[in-house]
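Structure data (compact mmCIF, C-alpha atoms) from input.txt:
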# COMPACT_ATOMS: atom_id res chain seq x y z
CA MET Y 1065 11.38 -17.43 38.79
CA ARG Y 1066 14.45 -19.66 38.80
CA PRO Y 1067 13.84 -22.92 36.90
CA SER Y 1068 14.62 -26.25 38.53
CA THR Y 1069 13.12 -28.54 35.87
CA VAL Y 1070 12.49 -28.59 32.14
CA ALA Y 1071 8.78 -28.41 32.95
CA ASP Y 1072 9.37 -24.97 34.46
CA VAL Y 1073 10.85 -23.81 31.16
CA GLN Y 1074 7.94 -25.34 29.24
CA ARG Y 1075 5.62 -23.15 31.27
CA ASP Y 1076 7.76 -20.00 31.02
CA PRO Y 1077 10.81 -19.97 28.71
CA PHE Y 1078 11.99 -16.61 30.07
CA CYS Y 1079 12.65 -18.18 33.46
CA LEU Y 1080 15.93 -19.41 31.97
CA ASP Y 1081 17.18 -15.82 32.30
CA GLY Y 1082 17.21 -16.31 36.08
CA LEU Y 1083 19.25 -19.52 36.01
CA ASP Y 1084 22.74 -19.31 37.48
CA LEU Y 1085 24.53 -22.04 35.57
CA LYS Y 1086 27.32 -22.22 38.14
CA THR Y 1087 24.85 -23.48 40.75
CA LEU Y 1088 24.17 -26.70 38.81
CA GLU Y 1089 26.08 -29.44 40.57
CA ASP Y 1090 25.60 -32.00 37.79
CA ARG Y 1091 26.83 -30.28 34.67
CA PRO Y 1092 28.27 -31.67 31.45
CA ARG Y 1093 31.91 -30.96 30.73
CA VAL Y 1094 31.18 -30.35 27.08
CA ILE Y 1095 28.33 -29.35 24.76
CA VAL Y 1096 28.62 -31.09 21.39
CA SER Y 1097 27.12 -29.03 18.58
CA ASN Y 1098 27.01 -28.71 14.79
CA GLU Y 1099 26.57 -24.94 15.12
CA VAL Y 1100 28.97 -22.43 16.61
CA PHE Y 1101 28.02 -21.33 20.13
CA PRO Y 1102 29.92 -18.99 22.47
CA PRO Y 1103 31.56 -20.33 25.66
CA VAL Y 1104 29.09 -21.22 28.41
CA VAL Y 1105 30.46 -21.22 31.99
CA ASP Y 1106 33.56 -22.35 33.80
CA GLY Y 1107 34.04 -26.08 33.40
CA VAL Y 1108 31.77 -26.37 30.35
CA SER Y 1109 33.04 -25.91 26.80
CA VAL Y 1110 31.36 -26.09 23.41
CA ARG Y 1111 32.81 -28.60 20.99
CA TYR Y 1112 31.86 -27.54 17.47
CA ILE Y 1113 31.94 -30.36 14.92
CA ALA Y 1114 32.93 -28.48 11.78
CA PRO Y 1115 32.40 -29.63 8.18
CA PRO Y 1116 35.58 -31.06 6.59
CA PRO Y 1117 37.83 -28.50 4.84
CA TRP Y 1118 37.10 -29.93 1.42
CA ALA Y 1119 33.39 -29.12 1.87
CA VAL Y 1120 34.12 -25.70 0.32
CA LEU Y 1121 34.47 -27.55 -3.00
CA ARG Y 1122 30.67 -27.50 -3.15
CA ARG Y 1123 30.89 -23.92 -4.34
CA VAL Y 1124 33.09 -25.02 -7.21
CA CYS Y 1125 30.62 -27.80 -8.05
CA SER Y 1126 27.51 -25.63 -7.69
CA ARG Y 1127 26.83 -25.96 -11.41
CA ILE Y 1128 27.20 -29.75 -11.29
CA PRO Y 1129 24.23 -30.86 -9.17
CA PRO Y 1130 25.22 -34.56 -8.74
CA ALA Y 1131 28.73 -33.68 -7.53
CA ASN Y 1132 27.43 -30.88 -5.34
CA SER Y 1133 24.87 -33.18 -3.71
CA LEU Y 1134 27.38 -35.98 -3.20
CA LEU Y 1135 29.88 -33.67 -1.51
CA GLY Y 1136 27.10 -32.26 0.66
CA TRP Y 1137 25.99 -35.68 1.91
CA MET Y 1138 29.57 -36.86 2.44
CA GLY Y 1139 30.38 -33.80 4.52
CA ALA Y 1140 27.14 -34.14 6.49
CA LEU Y 1141 27.88 -37.79 7.23
CA LEU Y 1142 31.32 -36.92 8.59
CA VAL Y 1143 29.87 -34.21 10.83
CA ALA Y 1144 27.18 -36.62 12.03
CA GLY Y 1145 29.90 -39.16 12.82
CA GLY Y 1146 31.78 -36.52 14.79
CA LEU Y 1147 28.64 -35.73 16.75
CA LEU Y 1148 28.08 -39.42 17.52
CA LEU Y 1149 31.66 -39.82 18.75
CA GLY Y 1150 31.43 -36.68 20.86
CA MET Y 1151 28.21 -37.90 22.44
CA ARG Y 1152 29.86 -41.16 23.57
CA ARG Y 1153 31.30 -39.19 26.47
CA ARG Y 1154 29.31 -39.62 29.66
CA ASP Y 1155 29.77 -35.95 30.51
CA ALA Y 1156 28.44 -34.59 27.18
CA VAL Y 1157 25.13 -33.10 26.11
CA GLY Y 1158 24.15 -32.53 22.47
CA LEU Y 1159 22.85 -29.22 21.10
CA VAL Y 1160 21.99 -30.14 17.54
CA SER Y 1161 20.47 -28.10 14.72
CA LEU Y 1162 18.05 -29.98 12.47
CA GLY Y 1163 18.37 -27.20 9.92
CA ASP Y 1164 21.06 -29.07 7.99
CA ARG Y 1165 21.79 -32.60 6.82
CA SER Y 1166 24.38 -33.36 9.50
CA GLY Y 1167 21.93 -32.78 12.34
CA ILE Y 1168 19.23 -34.84 10.64
CA LEU Y 1169 21.63 -37.73 9.98
CA PHE Y 1170 22.96 -37.61 13.54
CA CYS Y 1171 19.50 -37.65 15.09
CA LEU Y 1172 18.38 -40.51 12.82
CA LEU Y 1173 21.40 -42.60 13.80
CA ASN Y 1174 21.05 -41.56 17.44
CA SER Y 1175 17.51 -42.95 17.42
CA PHE Y 1176 18.97 -46.47 17.24
CA ARG Y 1177 19.87 -47.88 20.64
CA TRP Y 1178 23.41 -49.00 19.73
CA PHE Y 1179 24.37 -45.49 18.59
CA ARG Y 1180 22.65 -43.55 21.37
CA GLY Y 1181 24.72 -41.43 23.75
CA GLY Y 1182 23.76 -38.71 26.22
CA PRO Y 1183 20.80 -36.31 26.20
CA VAL Y 1184 20.20 -34.28 23.02
CA LEU Y 1185 18.46 -30.92 22.67
CA ALA Y 1186 17.38 -30.48 19.04
CA TYR Y 1187 16.25 -27.21 17.48
CA ARG Y 1188 15.63 -25.47 14.15
CA VAL Y 1189 13.22 -28.03 12.73
CA LEU Y 1190 12.77 -26.99 9.09
CA LEU Y 1191 9.93 -28.82 7.37
CA PRO Y 1192 8.58 -28.78 3.83
CA ALA Y 1193 4.96 -27.70 3.42
CA ASN Y 1194 3.85 -31.27 2.61
CA PRO Y 1195 6.42 -33.72 4.02
CA GLY Y 1196 4.91 -36.88 2.53
CA ARG Y 1197 4.72 -40.26 4.26
CA LEU Y 1198 8.42 -41.12 4.29
CA LYS Y 1199 9.56 -37.71 5.55
CA THR Y 1200 6.75 -37.66 8.10
CA TYR Y 1201 7.90 -41.03 9.43
CA LEU Y 1202 11.58 -40.01 9.56
CA ILE Y 1203 10.89 -36.64 11.18
CA GLY Y 1204 8.55 -38.29 13.68
CA ARG Y 1205 11.24 -40.84 14.54
CA ILE Y 1206 13.76 -38.06 15.14
CA LEU Y 1207 11.43 -35.97 17.29
CA ARG Y 1208 10.32 -38.93 19.40
CA ASN Y 1209 13.87 -40.08 20.11
CA VAL Y 1210 15.72 -36.86 20.93
CA THR Y 1211 15.47 -35.85 24.56
CA LEU Y 1212 13.84 -32.49 23.85
CA THR Y 1213 13.12 -30.28 20.83
CA ALA Y 1214 13.06 -26.49 21.05
CA VAL Y 1215 10.55 -24.82 18.71
CA TRP Y 1216 9.85 -21.16 17.97
CA SER Y 1217 6.11 -21.05 18.68
CA ARG Y 1218 3.55 -22.75 20.91
CA ALA Y 1219 1.35 -23.58 17.93
CA GLN Y 1220 4.18 -25.70 16.53
CA ILE Y 1221 3.97 -27.97 19.57
CA GLU Y 1222 0.33 -28.71 18.86
CA ASN Y 1223 1.02 -29.20 15.14
CA TYR Y 1224 3.90 -31.61 15.74
CA HIS Y 1225 1.91 -33.49 18.36
CA ARG Y 1226 -0.92 -33.92 15.87
CA VAL Y 1227 1.11 -34.75 12.75
CA PHE Y 1228 4.07 -36.68 14.14
CA LYS Y 1229 2.28 -38.29 17.13
CA CYS Y 1230 4.89 -36.94 19.55
CA PRO Y 1231 4.04 -36.25 23.20
CA ARG Y 1232 3.77 -32.55 23.98
CA ASP Y 1233 6.34 -32.84 26.75
CA LYS Y 1234 8.98 -33.67 24.12
CA PHE Y 1235 8.88 -30.00 23.05
CA VAL Y 1236 9.62 -26.65 24.59
CA PHE Y 1237 8.82 -23.21 23.21
CA LEU Y 1238 12.08 -21.27 23.17
CA PRO Y 1239 11.59 -17.87 21.49
CA TYR Y 1240 13.68 -16.99 18.45
CA LYS Y 1241 15.82 -13.87 18.01
CA ALA Y 1242 16.43 -10.77 15.97
CA ASN Y 1243 19.48 -11.83 13.97
CA HIS Y 1244 20.34 -8.21 13.23
CA SER Y 1245 20.83 -7.62 16.97
CA LYS Y 1246 24.33 -9.12 16.65
CA SER Y 1247 25.34 -5.52 16.00
CA ALA Y 1248 23.86 -2.09 16.65
CA ALA Y 1249 20.78 -1.12 14.66
CA PHE Y 1250 21.81 0.27 11.28
CA PRO Y 1251 21.21 4.05 11.11
CA MET Y 1252 19.19 4.74 7.98
CA PRO Y 1253 16.98 7.70 7.05
CA VAL Y 1254 13.37 6.56 6.87
CA GLY Y 1255 12.09 6.31 3.31
CA ASP Y 1256 8.56 6.45 1.99
CA TYR Y 1257 8.16 2.76 1.22
CA ILE Y 1258 6.99 -0.49 2.75
CA PHE Y 1259 9.35 -3.43 2.95
CA SER Y 1260 8.70 -7.16 2.72
CA GLY Y 1261 10.91 -10.12 1.97
CA GLY Y 1262 11.96 -13.71 2.44
CA ASN Y 1263 11.27 -17.01 0.70
CA SER Y 1264 10.08 -19.57 3.22
CA GLU Y 1265 6.29 -20.07 3.44
CA ARG Y 1266 5.61 -16.56 2.11
CA ASP Y 1267 2.19 -15.67 0.69
CA TYR Y 1268 2.93 -12.91 -1.78
CA LYS Y 1269 -0.45 -13.34 -3.45
CA THR Y 1270 -2.15 -11.99 -0.32
CA LEU Y 1271 0.41 -9.19 0.03
CA PHE Y 1272 -0.01 -8.11 -3.59
CA GLU Y 1273 -3.79 -8.06 -3.22
CA ALA Y 1274 -3.41 -5.93 -0.08
CA VAL Y 1275 -1.20 -3.27 -1.71
CA ARG Y 1276 -2.48 -3.32 -5.29
CA GLY Y 1277 -3.64 0.11 -6.44
CA LEU Y 1278 -2.11 2.00 -3.52
CA SER Y 1279 0.13 4.99 -4.14
CA ILE Y 1280 2.65 3.57 -1.67
CA PRO Y 1281 5.86 1.98 -3.03
CA VAL Y 1282 6.50 -1.55 -1.76
CA ILE Y 1283 9.96 -3.15 -1.99
CA VAL Y 1284 9.92 -6.95 -1.89
CA SER Y 1285 13.17 -8.92 -1.65
CA VAL Y 1286 13.17 -12.57 -2.75
CA THR Y 1287 16.16 -14.70 -3.66
CA ARG Y 1288 14.16 -17.58 -5.17
CA PRO Y 1289 12.15 -16.52 -8.24
CA THR Y 1290 9.91 -19.60 -7.87
CA VAL Y 1291 8.42 -17.99 -4.76
CA MET Y 1292 6.52 -15.62 -7.03
CA GLY Y 1293 4.79 -18.61 -8.64
CA GLY Y 1294 3.63 -16.74 -11.74
CA LEU Y 1295 2.00 -13.93 -9.75
CA THR Y 1296 1.22 -10.63 -11.42
CA VAL Y 1297 3.30 -7.98 -9.68
CA PRO Y 1298 1.42 -4.72 -8.94
CA LYS Y 1299 2.81 -1.54 -10.46
CA ASN Y 1300 3.74 -0.11 -7.04
CA VAL Y 1301 5.80 -3.20 -6.09
CA ILE Y 1302 9.53 -3.33 -6.79
CA LEU Y 1303 11.10 -6.79 -6.74
CA VAL Y 1304 14.75 -7.02 -5.69
CA ASN Y 1305 17.17 -9.84 -4.94
CA ALA Y 1306 18.85 -8.45 -1.82
CA VAL Y 1307 21.09 -10.41 0.52
CA GLU Y 1308 22.77 -9.19 3.69
CA PRO Y 1309 23.77 -6.47 4.36
CA ALA Y 1310 21.59 -4.93 1.62
CA PHE Y 1311 18.52 -6.72 3.00
CA GLU Y 1312 19.10 -5.18 6.43
CA ARG Y 1313 19.57 -1.71 5.00
CA LEU Y 1314 16.39 -1.86 2.96
CA MET Y 1315 14.51 -3.00 6.06
CA ALA Y 1316 16.08 -0.32 8.26
CA GLY Y 1317 15.10 2.40 5.78
CA ALA Y 1318 11.44 1.38 5.40
CA ARG Y 1319 8.43 2.99 7.07
CA MET Y 1320 7.09 -0.44 8.06
CA LEU Y 1321 7.27 -4.18 7.42
CA ALA Y 1322 4.34 -5.98 5.80
CA LEU Y 1323 4.67 -9.76 5.92
CA CYS Y 1324 2.20 -12.40 4.72
CA LEU Y 1325 2.64 -16.10 5.52
CA LYS Y 1326 0.75 -19.05 4.11
CA GLU Y 1327 -2.28 -20.60 5.75
CA ASP Y 1328 -2.19 -24.04 7.37
CA ILE Y 1329 1.58 -24.34 7.70
CA LEU Y 1330 3.04 -26.84 10.19
CA ARG Y 1331 5.94 -24.82 11.46
CA GLY Y 1332 6.29 -21.14 12.03
CA SER Y 1333 8.07 -18.95 9.54
CA GLY Y 1334 9.13 -15.35 9.22
CA GLU Y 1335 10.15 -15.06 12.87
CA ALA Y 1336 13.58 -13.64 12.04
CA THR Y 1337 12.16 -11.14 9.52
CA MET Y 1338 9.50 -9.96 11.96
CA LEU Y 1339 11.91 -9.65 14.90
CA ASN Y 1340 14.60 -7.97 12.80
CA ALA Y 1341 12.14 -5.29 11.71
CA MET Y 1342 11.12 -4.70 15.33
CA TRP Y 1343 14.82 -4.44 16.25
CA HIS Y 1344 15.09 -1.58 13.74
CA GLY Y 1345 12.06 0.10 15.31
CA LYS Y 1346 9.74 -0.63 12.38
CA PRO Y 1347 6.03 -1.25 12.95
CA VAL Y 1348 5.12 -4.74 11.74
CA VAL Y 1349 1.91 -5.87 10.07
CA ILE Y 1350 1.90 -9.64 9.71
CA ALA Y 1351 -0.66 -12.09 8.36
CA ASP Y 1352 0.05 -15.30 10.28
CA ASP Y 1353 -1.71 -17.99 12.30
CA VAL Y 1354 1.32 -19.72 13.86
CA SER Y 1355 4.21 -17.75 15.38
CA ALA Y 1356 3.21 -14.07 15.46
CA PRO Y 1357 0.95 -14.28 18.56
CA ASP Y 1358 3.94 -15.48 20.63
CA TYR Y 1359 5.93 -12.34 19.81
CA ILE Y 1360 3.53 -9.49 19.09
CA ASN Y 1361 0.97 -7.87 21.37
CA ASP Y 1362 -1.58 -6.98 18.70
CA GLY Y 1363 -2.20 -3.25 18.46
CA VAL Y 1364 0.61 -2.38 20.88
CA ASP Y 1365 3.94 -3.38 19.34
CA GLY Y 1366 2.67 -4.61 15.98
CA PHE Y 1367 -0.42 -5.87 14.18
CA ILE Y 1368 -1.52 -9.44 13.47
CA VAL Y 1369 -4.20 -10.34 10.94
CA PRO Y 1370 -5.39 -13.80 9.89
CA ALA Y 1371 -3.29 -15.55 7.25
CA GLY Y 1372 -4.79 -15.05 3.80
CA SER Y 1373 -6.72 -11.89 4.74
CA SER Y 1374 -5.71 -9.25 2.19
CA GLU Y 1375 -8.55 -6.93 3.30
CA GLN Y 1376 -7.43 -6.74 6.93
CA MET Y 1377 -3.81 -6.48 5.82
CA ARG Y 1378 -4.65 -3.47 3.66
CA CYS Y 1379 -6.60 -1.78 6.48
CA ARG Y 1380 -3.74 -2.11 8.97
CA ILE Y 1381 -1.16 -0.91 6.44
CA LEU Y 1382 -3.20 2.20 5.68
CA GLU Y 1383 -3.87 2.83 9.37
CA LEU Y 1384 -0.15 2.97 10.11
CA TRP Y 1385 0.76 4.81 6.92
CA LYS Y 1386 -1.75 7.61 7.53
CA ASP Y 1387 -0.65 8.15 11.14
CA PRO Y 1388 3.16 8.44 11.31
CA LEU Y 1389 3.15 9.29 15.03
CA PHE Y 1390 1.14 6.19 15.86
CA ALA Y 1391 3.40 4.10 13.62
CA ALA Y 1392 6.44 5.49 15.43
CA ARG Y 1393 4.97 4.54 18.83
CA VAL Y 1394 4.28 1.02 17.64
CA GLY Y 1395 7.80 0.76 16.25
CA GLU Y 1396 9.35 2.03 19.49
CA ALA Y 1397 7.32 -0.46 21.52
CA GLY Y 1398 8.52 -3.28 19.27
CA ARG Y 1399 12.13 -2.13 19.53
CA GLY Y 1400 11.87 -2.07 23.34
CA LYS Y 1401 10.48 -5.60 23.42
CA ILE Y 1402 13.34 -6.94 21.30
CA VAL Y 1403 15.95 -5.31 23.53
CA ARG Y 1404 14.32 -6.86 26.62
CA LEU Y 1405 13.56 -10.34 25.33
CA TYR Y 1406 14.67 -11.34 21.83
CA THR Y 1407 18.30 -10.46 21.15
CA HIS Y 1408 20.78 -12.81 19.51
CA GLN Y 1409 22.78 -13.19 22.74
CA GLN Y 1410 19.67 -13.93 24.83
CA TYR Y 1411 18.64 -16.70 22.45
CA LYS Y 1412 22.07 -18.34 22.48
CA THR Y 1413 22.35 -18.08 26.26
CA ARG Y 1414 18.89 -19.59 26.82
CA MET Y 1415 19.63 -22.44 24.45
CA GLN Y 1416 22.82 -23.32 26.29
CA ALA Y 1417 21.17 -22.91 29.69
CA LEU Y 1418 18.38 -25.28 28.67
CA ALA Y 1419 20.91 -27.86 27.47
CA LEU Y 1420 22.76 -27.71 30.81
CA LEU Y 1421 19.52 -27.87 32.80
CA MET Y 1422 18.37 -30.84 30.72
CA PHE Y 1423 21.64 -32.70 31.43
CA HIS Y 1424 21.40 -31.78 35.13
CA ARG Y 1425 17.88 -33.21 35.44
CA SER Y 1426 18.83 -36.41 33.56
CA LYS Y 1427 21.30 -37.35 36.29
Could the structure of this file be written out as structure tokens, please?
Amino acid sequence: MRPSTVADVQRDPFCLDGLDLKTLEDRPRVIVSNEVFPPVVDGVSVRYIAPPPWAVLRRVCSRIPPANSLLGWMGALLVAGGLLLGMRRRDAVGLVSLGDRSGILFCLLNSFRWFRGGPVLAYRVLLPANPGRLKTYLIGRILRNVTLTAVWSRAQIENYHRVFKCPRDKFVFLPYKANHSKSAAFPMPVGDYIFSGGNSERDYKTLFEAVRGLSIPVIVSVTRPTVMGGLTVPKNVILVNAVEPAFERLMAGARMLALCLKEDILRGSGEATMLNAMWHGKPVVIADDVSAPDYINDGVDGFIVPAGSSEQMRCRILELWKDPLFAARVGEAGRGKIVRLYTHQQYKTRMQALALLMFHRSK
């Protein structure tokens, strides 16, 4: 299917793969973004609004919180200003990440009529677990006033519609990516351990209950100690503080990924961790009620259990651990799905294609 409207993409995001961008008569001349994107097509360029050079001073001031915060907001304001100026062009479309301050500031200012420019596609909406009234109001204002927001799961659309009172047609499900697919899968000998990791919305209490008492080693990588929240770590769990590329290598060497996410979360989480593991051919067992069903065919290329269910998590882990051939088939099926649908390049291309289609339909 070749999409002709945004509504087509809202029904089937993969239809963007059949869109020939050169056939769009009404195309922007420039995509204005606060994140680096590769070139699109002839006649369309990406204008990246970079942070000012002095923003690197934040590293120097990392131990001085007030100075670090001030520099961060000053840099974000300058980037937001650059985005606003870029969007004054009549032949521009915005592709703006809400995962940093500059995107949030830009979209807040862009919500006022006297600042508003061309159409804006927002993405990477990162929300706290309990936003509070003020943040709920500000986020709702942003989401209602951008042209379209790309989210990483269909359940997010319903959650944002309910919490922020935004029409469903202001959102589109655009699947996320395996970040590790930027390069070839790392060749690692498979070790006899389970891997888990990440900070955002993780439920390590459920994971620890699922693996406690097993004779299977479990390596868990967290970079924020507060994520543990005073939990008692089982004897078979090894806590590490691994960042890339060590995180990737630990994942690539594991027998499987076991990932537990919190119950009742607004946005999805763990998509990158789940998809990265599948990219490395690892069977995934995930406890999640938001994003996992959009990526995993339960029992075929991974396993999904309800969030908070340590019993079902334990059963699935043991099922895969006791049957290495079955685990290998599940891992291979997951790897094949990533190659077909969820690579880094596919995600970037779809995002740009959607921005161009959105501009085309606004004319």
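With distances restricted to all atoms listed in the file, Y:Ala1356 is the closest residue to Y:Ala1336 from Y:Ala1356, Y:Cys1171, Y:Val1349, Y:Val1369.
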Legend entry - Two-atom distance - atom CA of Y:Gly1145, atom CA of Y:Leu1173 (Å): 9.2 Å
Legend entry - Using only C-alpha atoms: which of Y:Ile1329, Y:Leu1295, Y:Gly1146, Y:Val1160 has the shortest distance to Y:Pro1195: Y:Ile1329
Legend entry - Nearest to Y:Gly1150 by atom-to-atom distance, counting only C-alpha atoms, from Y:Leu1191, Y:Val1364, Y:Val1108, Y:Ile1095: Y:Ile1095
Legend entry - Which residue of Y:Leu1190, Y:Cys1079, Y:Ile1221, Y:Ala1242 approaches Y:Arg1165 most closely, using all atoms listed in the file: Y:Leu1190
Inset, instruction - Skip Y:Glu1335 itself and residues of its chain fewer than 2 positions away, then list as a ChimeraX atom specification all residues within 10 Å of it, counting all atoms listed in the file. - result: /Y:1216-1217,1239-1243,1332-1333,1337-1340,1355-1356,1358-1359
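Residues with any atom within 6 Å of stretch 1310-1317 of chain Y, counting only C-alpha atoms and excluding same-chain neighbours fewer than 5 positions away, are Met1252, Pro1253, Val1254, Gly1255 and His1344 of chain Y.
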Legend entry - For stretch 1380-1397 of chain Y: contacts at 7 Å, all atoms listed in the file, fewer than 6 positions along chain excluded, given as a PyMOL selection string: chain Y and resi 1342+1345-1347+1349+1364-1366
Legend entry - Between atom CA of Y:Asn1223 and atom CA of Y:Phe1237 - distance in Å to one decimal: 12.7 Å
As a PDB file with C-alpha atoms, in the coordinates of the input, please: the residues near Y:Ser1374 (cut-off 9 Å, all atoms listed in the file, same-chain neighbours under 5 positions excluded).
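File around_10.pdb, as written:
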ATOM      1  CA  LYS Y1269      -0.450 -13.340  -3.450  1.00  0.00           C
ATOM      2  CA  THR Y1270      -2.150 -11.990  -0.320  1.00  0.00           C
ATOM      3  CA  LEU Y1271       0.410  -9.190   0.030  1.00  0.00           C
ATOM      4  CA  PHE Y1272      -0.010  -8.110  -3.590  1.00  0.00           C
ATOM      5  CA  GLU Y1273      -3.790  -8.060  -3.220  1.00  0.00           C
ATOM      6  CA  ALA Y1274      -3.410  -5.930  -0.080  1.00  0.00           C
ATOM      7  CA  VAL Y1275      -1.200  -3.270  -1.710  1.00  0.00           C
ATOM      8  CA  CYS Y1324       2.200 -12.400   4.720  1.00  0.00           C
ATOM      9  CA  ALA Y1351      -0.660 -12.090   8.360  1.00  0.00           C
ATOM     10  CA  VAL Y1369      -4.200 -10.340  10.940  1.00  0.00           C
ATOM     11  CA  CYS Y1379      -6.600  -1.780   6.480  1.00  0.00           C
TER      12      CYS Y1379
END
